[in-house]
Amino acid sequence: MSAPLKPQKVQPRFRRKSLWRRIVTPRKVAVLGIFAAIGLGVFGYFYVQYSRMLDAKLRGDVLIRTSGIYAQPRTIRAGQSVSVAELKSHFDDLGYAETAEATDPNRGRYSFDSNGMTIVPGTDAIVDGQKIFPAATITFTKDGSSIARIAEPGTNKPISAITIEPELLTTVSNHNREKRKNVAYDDIPKNLVNAIVAIEDRRFLEHRGIDYRGLVRAVWVNVTNGEITQGGSTLTQQLVKNLFLTSERTYKRKLQEAFLAIVLETRLTKDQIMQLYCNEIFLGQQGTYSINGVGEAATVYFDKDVSKLELHECALIAGIVRGPSLYSPYSNPEKALERRNQVLDAMVEMTFVTPEEAAAAKSRDLEVVARRVVANADAPYFIDYLQKELQTVFPGTELASQSLRIYSTIDMDLQHAAERSVRENLAALDKVVPDKKTKLANPDMQVQAALIALNPKTGEIYAMVGGRDYEASQLNRATDAKRQPGSVFKPVVYAAAIESAYGATGLPQPITPVTPFLDAPEKFITPQGDVYEPDNYGKSYTKKELPLREGLVKSLNVITVRVAERIGLFQVQQVATKLGLPKPPAFLSTALGTTEATPLEVAEAYTAFADLGQRAKPTGLARVTNGEGATVRALRPEVQPAIHPQTAFIITDFMKDVINRGTAAGARARGFSAVAAGKTGTSRDGWFAGYTPNLVCVVYVGFDKGEQLGLEGSKSALPIWTDFMKSALKYRPELGGSEFEKPADGYVEVDVDPESGGLATPHCLSHRVELFIAGSEPKDPCPIHDSSFAEPNPDDGSDLDTPPYKAPPQGDRPKSDKSGDKKDRKQKDKSDRPRRVKSDEDDDN
């Protein structure tokens with residue numbers, strides 16, 4: 001019998017974990033949780049950072065990407081010579097819409113009716129931090145050449161003057177100059193919005209900042225090509241790239257771009273994003289300025305307000321976005337036309353327009369306006385100067401991101417007048433300068449010019465031209481080109497001489513306007529022991545003694561050197577440096593303007609002559625306000641005494657004669673009639689520095705490489721100065737003046753004989769009222785024509801028994817002394833005395 005089977009121990013069956021439990025373990029969950037927390041922390045950190053970055057850039061629905069540089073606010077007065085076309089052009093430049101109906105309340109508008117031109121500023125219209133007038137109606141004269149009346153709309157209450165918004169010159173950018181006109185979404189034509197969406201981002205209304213399908217496609221293409229060739233960017237990504245990032249093609253930049261786009265979509269609506277995009281996009285180049293935004297593009301390409309664009313024009317602007325240079329209607333019209341038609345086809349595909357509408361638009365030519373080719377438009381040389389000044393005023397500050405309104409001192413009416421005067425007169429000079437064929441064939445050898453105009457009391461720069469063409473040469477000859485000023489320096493020498501009345505030179509007798517100096521060739525022994533033999537211009541001499549005044553009026557070189565030698569070169573150096581000029585070396589030739597200076601330095605020196613000895617430092621900055629209109633910095637004129645007020649007044653009187661009858665008399669011949677003073681200068685170049693009571697202007701003409709111009713300052717620089725000043729005083733009559741301001745005291749006016757410099761008598765053949773520092777005036781009557789020394793003249797009935805003439809007292813002038821020692825002092829035949837000489841030609845150096 002077999003043994004019974006023993007029961008076997010059954011091994012427990014192993015149960016395998018589910019795939020999910022094998023994948024999701026507590027450890028893995030913990031690790032993933034840590035990474036998720038880190039990720040969320042990083043996401044939250046960058047979200048907050050990028051949100052702050054965006055919020056700092058946004059103010060309501062208006063983006064202020066960079067600070068803006070504005071021209072001087074313009075004041076319009078009843079009776080002013082401003083035409084309808086000029087005023088319309090000004091408001092077009094400001095971005096005003098020509099419509100009677102309000103669209104965007106922030107945007108100004110204007111319209112015409114039977115009453116004239118009605119102007120309604122936008123709600124954001126600010127001048128120097130202050131809201132400007134609510135509205136005004138301007139009535140013009142019948143011929144439309146000037147303003148007849150300004151009144152309030154509705155009430156018809158007359159207004160004497162209104163101040164309108166200044167023109168935006170450029171934005172402060174770290175890269176280039178920009179021109180833009182911000183427009184509201186409601187002012188952007190629907191066709192333009194649709195054209196941009198159709199060609200740039202078809203899913204714009206669907207995505208939330210990133211088009212993932214487009215992004216995957218771009219990544220695949222870039223990986224297969226081995227380099228980044230496609231971006232797959234949405235309009236939102238393009239916008240944030242332009243606002244915050246660079247154009248480098250890296251994955252890091254793409255990630256930043258995507259993150260910012262997502263944040264921006266949470267901040268703004270699609271309409272707001274489209275508005276910012278349309279105001280930001282780069283759409284070409286005009287001269288030295290980039291065209292940014294559809295508002296500026298509409299003006300540049302079609303001379304229209306953006307709201308007036310037609311379908312074919314909208315398609316062209318949208319097509320330019322992808323490549324402003326490649327699709328430029330000026331340089332590549334065929335490609336531009338092809339691209340425009342491609343945009344129209346895309347609009348048909350998106351059902352934005354019908355095939356018939358697209359076909360009608362395709363039948364149109366590009367129809368862009370002629371490219372603006374006026375050189376130096378929008379004061380490029382001045383903007384360069386001002387941006388350097390801003391770096392000094394705000395050292396280490398990133399101005400581009402501060403949303404500032406920077407009001408400059410530039411007056412665009414005067415600036416345009418300066419550019420026109422330089423351009424037209426240089427064109428005339430091109431025909432007469434020596435070797436003109438060679439120089440015209442080589443642009444580097446063309447004659448150049450610079451003009452600087454400023455307020456002598458504050459130093460505010462009203463106009464600046466640094467050359468004939470900024471695109472061809474960015475050298476600012478007004479501020480950076482040092483040249484020998486020639487005789488423009490001579491007033492410094494004569495001012496030093498007049499200052500001798502205050503004992504600065506240690507001379508036994510002060511030099512006065514009637515002090516005689518011999519006008520004849522002379523060999524001078526310099527302090528260095530050399531022989532210096534200057535010539536008058538044209539080697540013309542009277543070989544007679546002439547009063548100090550005539551030395552400057554006739555620009556006589558030898559007399560000027562004699563004056564410098566007598567007062568001492570140290571005195572000349574001292575006065576020059578006080579006037580802001582570079583310190584000249586102690587050479588006799590210094591008196592003739594051999595020490596180089598810039599036109600701006602010369603203009604600064606001449607402010608002291610125009611403003612009773614007070615030198616004003618030039619500035620291009622008037623006021624800086626923040627985005628809310630609060631003043632950050634206001635103009636603080638830097639003025640300091642340079643010479644005595646009486647000296648400045650006397651030298652000004654000398655230079656009035658320069659214009660009235662001296663080397664600058666050509667200004668009067670060209671129709672300039674205002675009260676003014678000035679001095680010509682000729683070295684290798686041509687100069688003229690002149691001023692009215694309220695405006696100083698200096699003009700330089702010459703070659704960059706120092707070739708001899710071959711023309712006097714009176715024939716090269718003076719015509720530019722004259723034409724500019726005539727226009728400037730037409731636009732702003734207050735910059736002229738009926739007369740120069742006189743010192744309160746310290747000087748006397750004395751009636752003298754021009755030949756002898758003595759007090760005039762009834763027997764003098766001529767006389768003039770001369771100015772003297774009080775105490776330096778002549779005490780004795782004219783020794784030539786005084787009756788006590790003259791032979792009896794039977795024709796006039798005089799005889800030796802006639803009592804000696806005593807000039808009537810004037811001011812604090814002492815009465816003449818008639819003591820007997822006069823006969824011992826002056827017993828000369830009249831034929832030996834110098835006579836007043838009138839030159840038939842301009843003697844200038």
# chains A, B, ... in the order shown; residues from 1 in each chain; ligands from 1

$ residues_around --residues "Leu454 (chain A)" --least-positions-apart "4" --cutoff "12 Å" --atoms "only C-alpha atoms" --output "PyMOL selection string"
chain A and resi 409-411+414-415+458-464+599-607+610+616-620+689-698+725+728+735

$ select_by_dssp --residues "region 463-610 of chain A" --states "strand (DSSP E)" --output "short mmCIF file (atom, residue, chain, number, x, y, z; two decimals) with all heavy atoms, in the first residue's frame"
data_model
loop_
_atom_site.label_atom_id
_atom_site.label_comp_id
_atom_site.auth_asym_id
_atom_site.auth_seq_id
_atom_site.Cartn_x
_atom_site.Cartn_y
_atom_site.Cartn_z
N ALA A 463 19.10 128.51 -34.90
CA ALA A 463 19.34 127.84 -36.19
C ALA A 463 20.79 127.37 -36.23
O ALA A 463 21.68 128.04 -35.70
CB ALA A 463 19.04 128.78 -37.36
N MET A 464 21.01 126.22 -36.85
CA MET A 464 22.36 125.69 -37.00
C MET A 464 22.45 124.87 -38.28
O MET A 464 21.69 123.92 -38.47
CB MET A 464 22.74 124.81 -35.80
CG MET A 464 24.12 124.16 -35.91
SD MET A 464 24.48 123.02 -34.56
CE MET A 464 24.78 124.18 -33.22
N VAL A 465 23.36 125.25 -39.13
CA VAL A 465 23.66 124.49 -40.34
C VAL A 465 25.15 124.16 -40.31
O VAL A 465 25.98 125.06 -40.22
CB VAL A 465 23.31 125.28 -41.62
CG1 VAL A 465 23.67 124.47 -42.86
CG2 VAL A 465 21.84 125.67 -41.63
N PRO A 516 44.57 158.65 -33.25
CA PRO A 516 45.04 158.45 -34.63
C PRO A 516 46.10 157.35 -34.71
O PRO A 516 46.94 157.17 -33.84
CB PRO A 516 45.64 159.81 -34.98
CG PRO A 516 46.09 160.37 -33.68
CD PRO A 516 45.12 159.87 -32.64
N PHE A 517 46.06 156.61 -35.84
CA PHE A 517 47.05 155.60 -36.17
C PHE A 517 47.40 155.72 -37.64
O PHE A 517 46.52 155.95 -38.49
CB PHE A 517 46.51 154.18 -35.88
CG PHE A 517 46.39 153.87 -34.43
CD1 PHE A 517 45.22 154.17 -33.74
CD2 PHE A 517 47.43 153.26 -33.74
CE1 PHE A 517 45.09 153.86 -32.39
CE2 PHE A 517 47.31 152.97 -32.38
CZ PHE A 517 46.14 153.27 -31.71
N LEU A 518 48.67 155.58 -37.95
CA LEU A 518 49.14 155.75 -39.31
C LEU A 518 48.78 154.54 -40.16
O LEU A 518 49.10 153.40 -39.83
CB LEU A 518 50.66 155.95 -39.33
CG LEU A 518 51.29 156.16 -40.71
CD1 LEU A 518 50.75 157.44 -41.36
CD2 LEU A 518 52.81 156.21 -40.59
N ASP A 519 48.13 154.82 -41.28
CA ASP A 519 47.78 153.77 -42.24
C ASP A 519 48.81 153.76 -43.35
O ASP A 519 48.65 154.41 -44.38
CB ASP A 519 46.37 154.04 -42.80
CG ASP A 519 45.98 153.02 -43.85
OD1 ASP A 519 46.38 151.84 -43.72
OD2 ASP A 519 45.27 153.39 -44.81
N PHE A 524 57.29 145.56 -38.43
CA PHE A 524 57.23 145.46 -36.97
C PHE A 524 58.28 144.46 -36.49
O PHE A 524 58.54 143.45 -37.13
CB PHE A 524 55.84 144.99 -36.52
CG PHE A 524 54.73 145.93 -36.84
CD1 PHE A 524 54.04 145.83 -38.04
CD2 PHE A 524 54.36 146.92 -35.95
CE1 PHE A 524 53.01 146.70 -38.35
CE2 PHE A 524 53.32 147.79 -36.24
CZ PHE A 524 52.65 147.69 -37.44
N ILE A 525 58.86 144.76 -35.36
CA ILE A 525 59.77 143.83 -34.71
C ILE A 525 58.97 143.08 -33.64
O ILE A 525 58.47 143.69 -32.69
CB ILE A 525 60.98 144.54 -34.08
CG1 ILE A 525 61.69 145.39 -35.14
CG2 ILE A 525 61.92 143.54 -33.45
CD1 ILE A 525 62.22 144.59 -36.31
N VAL A 531 60.98 140.02 -37.91
CA VAL A 531 60.36 141.14 -38.63
C VAL A 531 59.01 140.68 -39.16
O VAL A 531 58.91 139.64 -39.82
CB VAL A 531 61.25 141.62 -39.79
CG1 VAL A 531 60.53 142.72 -40.58
CG2 VAL A 531 62.58 142.14 -39.26
N TYR A 532 57.98 141.42 -38.84
CA TYR A 532 56.63 141.10 -39.31
C TYR A 532 56.10 142.28 -40.10
O TYR A 532 56.04 143.41 -39.61
CB TYR A 532 55.71 140.80 -38.12
CG TYR A 532 54.28 140.54 -38.50
CD1 TYR A 532 53.94 139.55 -39.43
CD2 TYR A 532 53.24 141.27 -37.92
CE1 TYR A 532 52.63 139.30 -39.76
CE2 TYR A 532 51.92 141.03 -38.25
CZ TYR A 532 51.62 140.04 -39.17
OH TYR A 532 50.31 139.80 -39.51
N LYS A 544 48.08 158.00 -44.30
CA LYS A 544 47.71 159.10 -43.43
C LYS A 544 47.27 158.54 -42.08
O LYS A 544 46.99 157.35 -41.94
CB LYS A 544 46.57 159.91 -44.04
CG LYS A 544 46.94 160.61 -45.34
CD LYS A 544 45.76 161.38 -45.88
CE LYS A 544 46.13 162.09 -47.19
NZ LYS A 544 44.98 162.85 -47.74
N GLU A 545 47.22 159.42 -41.10
CA GLU A 545 46.72 159.00 -39.81
C GLU A 545 45.19 158.97 -39.83
O GLU A 545 44.55 159.94 -40.27
CB GLU A 545 47.20 159.96 -38.72
CG GLU A 545 48.66 159.77 -38.37
CD GLU A 545 49.06 160.60 -37.15
OE1 GLU A 545 48.41 161.63 -36.91
OE2 GLU A 545 50.01 160.20 -36.46
N LEU A 546 44.65 157.87 -39.37
CA LEU A 546 43.21 157.70 -39.33
C LEU A 546 42.79 157.37 -37.90
O LEU A 546 43.54 156.75 -37.15
CB LEU A 546 42.77 156.56 -40.26
CG LEU A 546 43.09 156.72 -41.75
CD1 LEU A 546 42.66 155.47 -42.51
CD2 LEU A 546 42.42 157.96 -42.33
N PRO A 547 41.58 157.77 -37.51
CA PRO A 547 41.13 157.47 -36.15
C PRO A 547 40.90 155.97 -35.98
O PRO A 547 40.69 155.23 -36.93
CB PRO A 547 39.82 158.26 -36.02
CG PRO A 547 39.36 158.48 -37.43
CD PRO A 547 40.59 158.58 -38.26
#

$ closest_residue --among "A:Gly736, A:Pro582, A:Gly144, A:Pro73" --to "Ala85 (chain A)" --atoms "only C-alpha atoms"
A:Gly144

$ residues_around --residues "Arg322 (chain A)" --least-positions-apart "2" --cutoff "9 Å" --atoms "only C-alpha atoms" --output "list in words"
Ile199, Glu200, Leu283, Ala318, Gly319, Ile320, Pro324, Leu326 and Tyr327 of chain A

$ residues_around --residues "Glu499 (chain A)" --least-positions-apart "4" --cutoff "12 Å" --atoms "only C-alpha atoms" --output "PyMOL selection string"
chain A and resi 491-495+503-507+509-513+567+571-572+574-575+613+642-651+772-774+776

$ write_last_selection --atoms "N, CA and C atoms" --output "CSV table (one decimal), in the first residue's frame"
chain,number,residue,atom,x,y,z
A,491,PRO,N,37.5,142.9,-33.9
A,491,PRO,CA,36.8,143.6,-32.8
A,491,PRO,C,37.3,143.3,-31.4
A,492,VAL,N,37.9,142.1,-31.2
A,492,VAL,CA,38.5,141.7,-30.0
A,492,VAL,C,39.7,142.7,-29.7
A,493,VAL,N,40.5,142.9,-30.7
A,493,VAL,CA,41.6,143.8,-30.5
A,493,VAL,C,41.2,145.2,-30.2
A,494,TYR,N,40.2,145.7,-30.9
A,494,TYR,CA,39.7,147.1,-30.7
A,494,TYR,C,39.0,147.2,-29.3
A,495,ALA,N,38.3,146.1,-28.9
A,495,ALA,CA,37.7,146.1,-27.6
A,495,ALA,C,38.8,146.2,-26.5
A,503,GLY,N,42.4,151.6,-17.4
A,503,GLY,CA,43.7,151.4,-16.9
A,503,GLY,C,44.3,150.0,-17.0
A,504,ALA,N,43.7,149.1,-17.8
A,504,ALA,CA,44.1,147.7,-17.8
A,504,ALA,C,45.5,147.6,-18.5
A,505,THR,N,45.8,148.5,-19.5
A,505,THR,CA,47.0,148.4,-20.2
A,505,THR,C,48.2,149.2,-19.6
A,506,GLY,N,47.9,150.1,-18.7
A,506,GLY,CA,49.0,150.9,-18.2
A,506,GLY,C,49.5,152.0,-19.1
A,507,LEU,N,48.8,152.3,-20.1
A,507,LEU,CA,49.2,153.3,-21.1
A,507,LEU,C,49.0,154.7,-20.4
A,509,GLN,N,48.1,157.4,-21.8
A,509,GLN,CA,46.9,158.0,-22.3
A,509,GLN,C,46.0,156.8,-22.8
A,510,PRO,N,44.7,156.8,-22.5
A,510,PRO,CA,43.9,155.7,-23.0
A,510,PRO,C,43.7,155.8,-24.5
A,511,ILE,N,43.4,154.7,-25.2
A,511,ILE,CA,43.1,154.8,-26.6
A,511,ILE,C,41.6,155.0,-26.7
A,512,THR,N,41.2,155.9,-27.5
A,512,THR,CA,39.8,156.3,-27.7
A,512,THR,C,39.4,156.1,-29.2
A,513,PRO,N,38.1,156.2,-29.5
A,513,PRO,CA,37.7,156.1,-30.9
A,513,PRO,C,38.4,157.1,-31.9
A,567,ILE,N,48.8,148.3,-27.2
A,567,ILE,CA,48.2,147.9,-25.9
A,567,ILE,C,48.8,146.7,-25.3
A,571,GLN,N,47.1,141.9,-23.3
A,571,GLN,CA,45.7,142.5,-23.2
A,571,GLN,C,44.8,141.8,-24.2
A,572,VAL,N,45.3,141.6,-25.4
A,572,VAL,CA,44.5,141.0,-26.5
A,572,VAL,C,44.1,139.5,-26.0
A,574,GLN,N,43.9,138.3,-23.0
A,574,GLN,CA,43.0,138.4,-21.9
A,574,GLN,C,41.6,138.6,-22.3
A,575,VAL,N,41.4,139.6,-23.2
A,575,VAL,CA,40.0,139.9,-23.7
A,575,VAL,C,39.5,138.7,-24.5
A,613,GLY,N,28.4,143.6,-23.1
A,613,GLY,CA,29.6,142.9,-22.4
A,613,GLY,C,29.3,141.6,-21.7
A,642,ALA,N,32.1,139.8,-19.6
A,642,ALA,CA,33.4,139.6,-20.3
A,642,ALA,C,34.1,140.9,-20.5
A,643,ILE,N,33.4,142.0,-20.9
A,643,ILE,CA,34.0,143.3,-21.1
A,643,ILE,C,33.1,144.3,-20.5
A,644,HIS,N,33.5,145.5,-20.3
A,644,HIS,CA,32.7,146.6,-19.7
A,644,HIS,C,31.5,146.9,-20.7
A,645,PRO,N,30.3,147.2,-20.2
A,645,PRO,CA,29.2,147.5,-21.0
A,645,PRO,C,29.5,148.7,-22.0
A,646,GLN,N,30.3,149.7,-21.5
A,646,GLN,CA,30.6,150.8,-22.3
A,646,GLN,C,31.5,150.4,-23.5
A,647,THR,N,32.4,149.5,-23.3
A,647,THR,CA,33.3,149.0,-24.3
A,647,THR,C,32.5,148.3,-25.4
A,648,ALA,N,31.6,147.4,-24.9
A,648,ALA,CA,30.7,146.7,-25.9
A,648,ALA,C,29.9,147.6,-26.7
A,649,PHE,N,29.3,148.6,-26.1
A,649,PHE,CA,28.5,149.6,-26.8
A,649,PHE,C,29.3,150.4,-27.9
A,650,ILE,N,30.5,150.8,-27.5
A,650,ILE,CA,31.3,151.5,-28.5
A,650,ILE,C,31.7,150.6,-29.6
A,651,ILE,N,32.2,149.4,-29.4
A,651,ILE,CA,32.5,148.5,-30.4
A,651,ILE,C,31.3,148.2,-31.3
A,772,PHE,N,32.6,157.9,-26.1
A,772,PHE,CA,33.8,157.8,-25.3
A,772,PHE,C,33.5,157.2,-23.9
A,773,ILE,N,34.5,156.4,-23.4
A,773,ILE,CA,34.4,156.1,-22.0
A,773,ILE,C,34.5,157.4,-21.2
A,774,ALA,N,33.6,157.6,-20.2
A,774,ALA,CA,33.6,158.8,-19.4
A,774,ALA,C,34.9,159.1,-18.9
A,776,SER,N,37.6,159.9,-20.8
A,776,SER,CA,38.6,159.8,-21.9
A,776,SER,C,38.3,160.6,-23.1

$ atom_distance --atom1 "CA of Gly671 (chain A)" --atom2 "CA of Ala717 (chain A)"
15.9 Å

$ atom_distance --atom1 "CA of Leu260 (chain A)" --atom2 "CA of Phe244 (chain A)"
8.9 Å

$ residues_around --residues "Gly116 (chain A)" --least-positions-apart "4" --cutoff "7 Å" --atoms "only C-alpha atoms" --output "PyMOL selection string"
chain A and resi 112+137-140

$ residues_around --residues "Ala161 (chain A)" --least-positions-apart "6" --cutoff "8 Å" --atoms "only C-alpha atoms" --output "list of chain:residue names"
A:Thr75, A:Ile76, A:Arg77, A:Ala78, A:Ile150

$ closest_residue --among "A:Ala379, A:Gln640, A:Arg623, A:Val558" --to "Lys539 (chain A)" --atoms "only C-alpha atoms"
A:Val558

$ closest_residue --among "A:Val219, A:Val769, A:Leu429, A:Leu239" --to "Leu709 (chain A)" --atoms "only C-alpha atoms"
A:Leu429

$ closest_residue --among "A:Ile659, A:Tyr381, A:Asn455, A:Lys578" --to "Glu471 (chain A)" --atoms "only C-alpha atoms"
A:Tyr381

$ residues_around --residues "Ser307 (chain A)" --least-positions-apart "2" --cutoff "7 Å" --atoms "only C-alpha atoms" --output "PyMOL selection string"
chain A and resi 187-189+305+309

$ atom_distance --atom1 "CA of Leu316 (chain A)" --atom2 "CA of Ala370 (chain A)"
15.7 Å
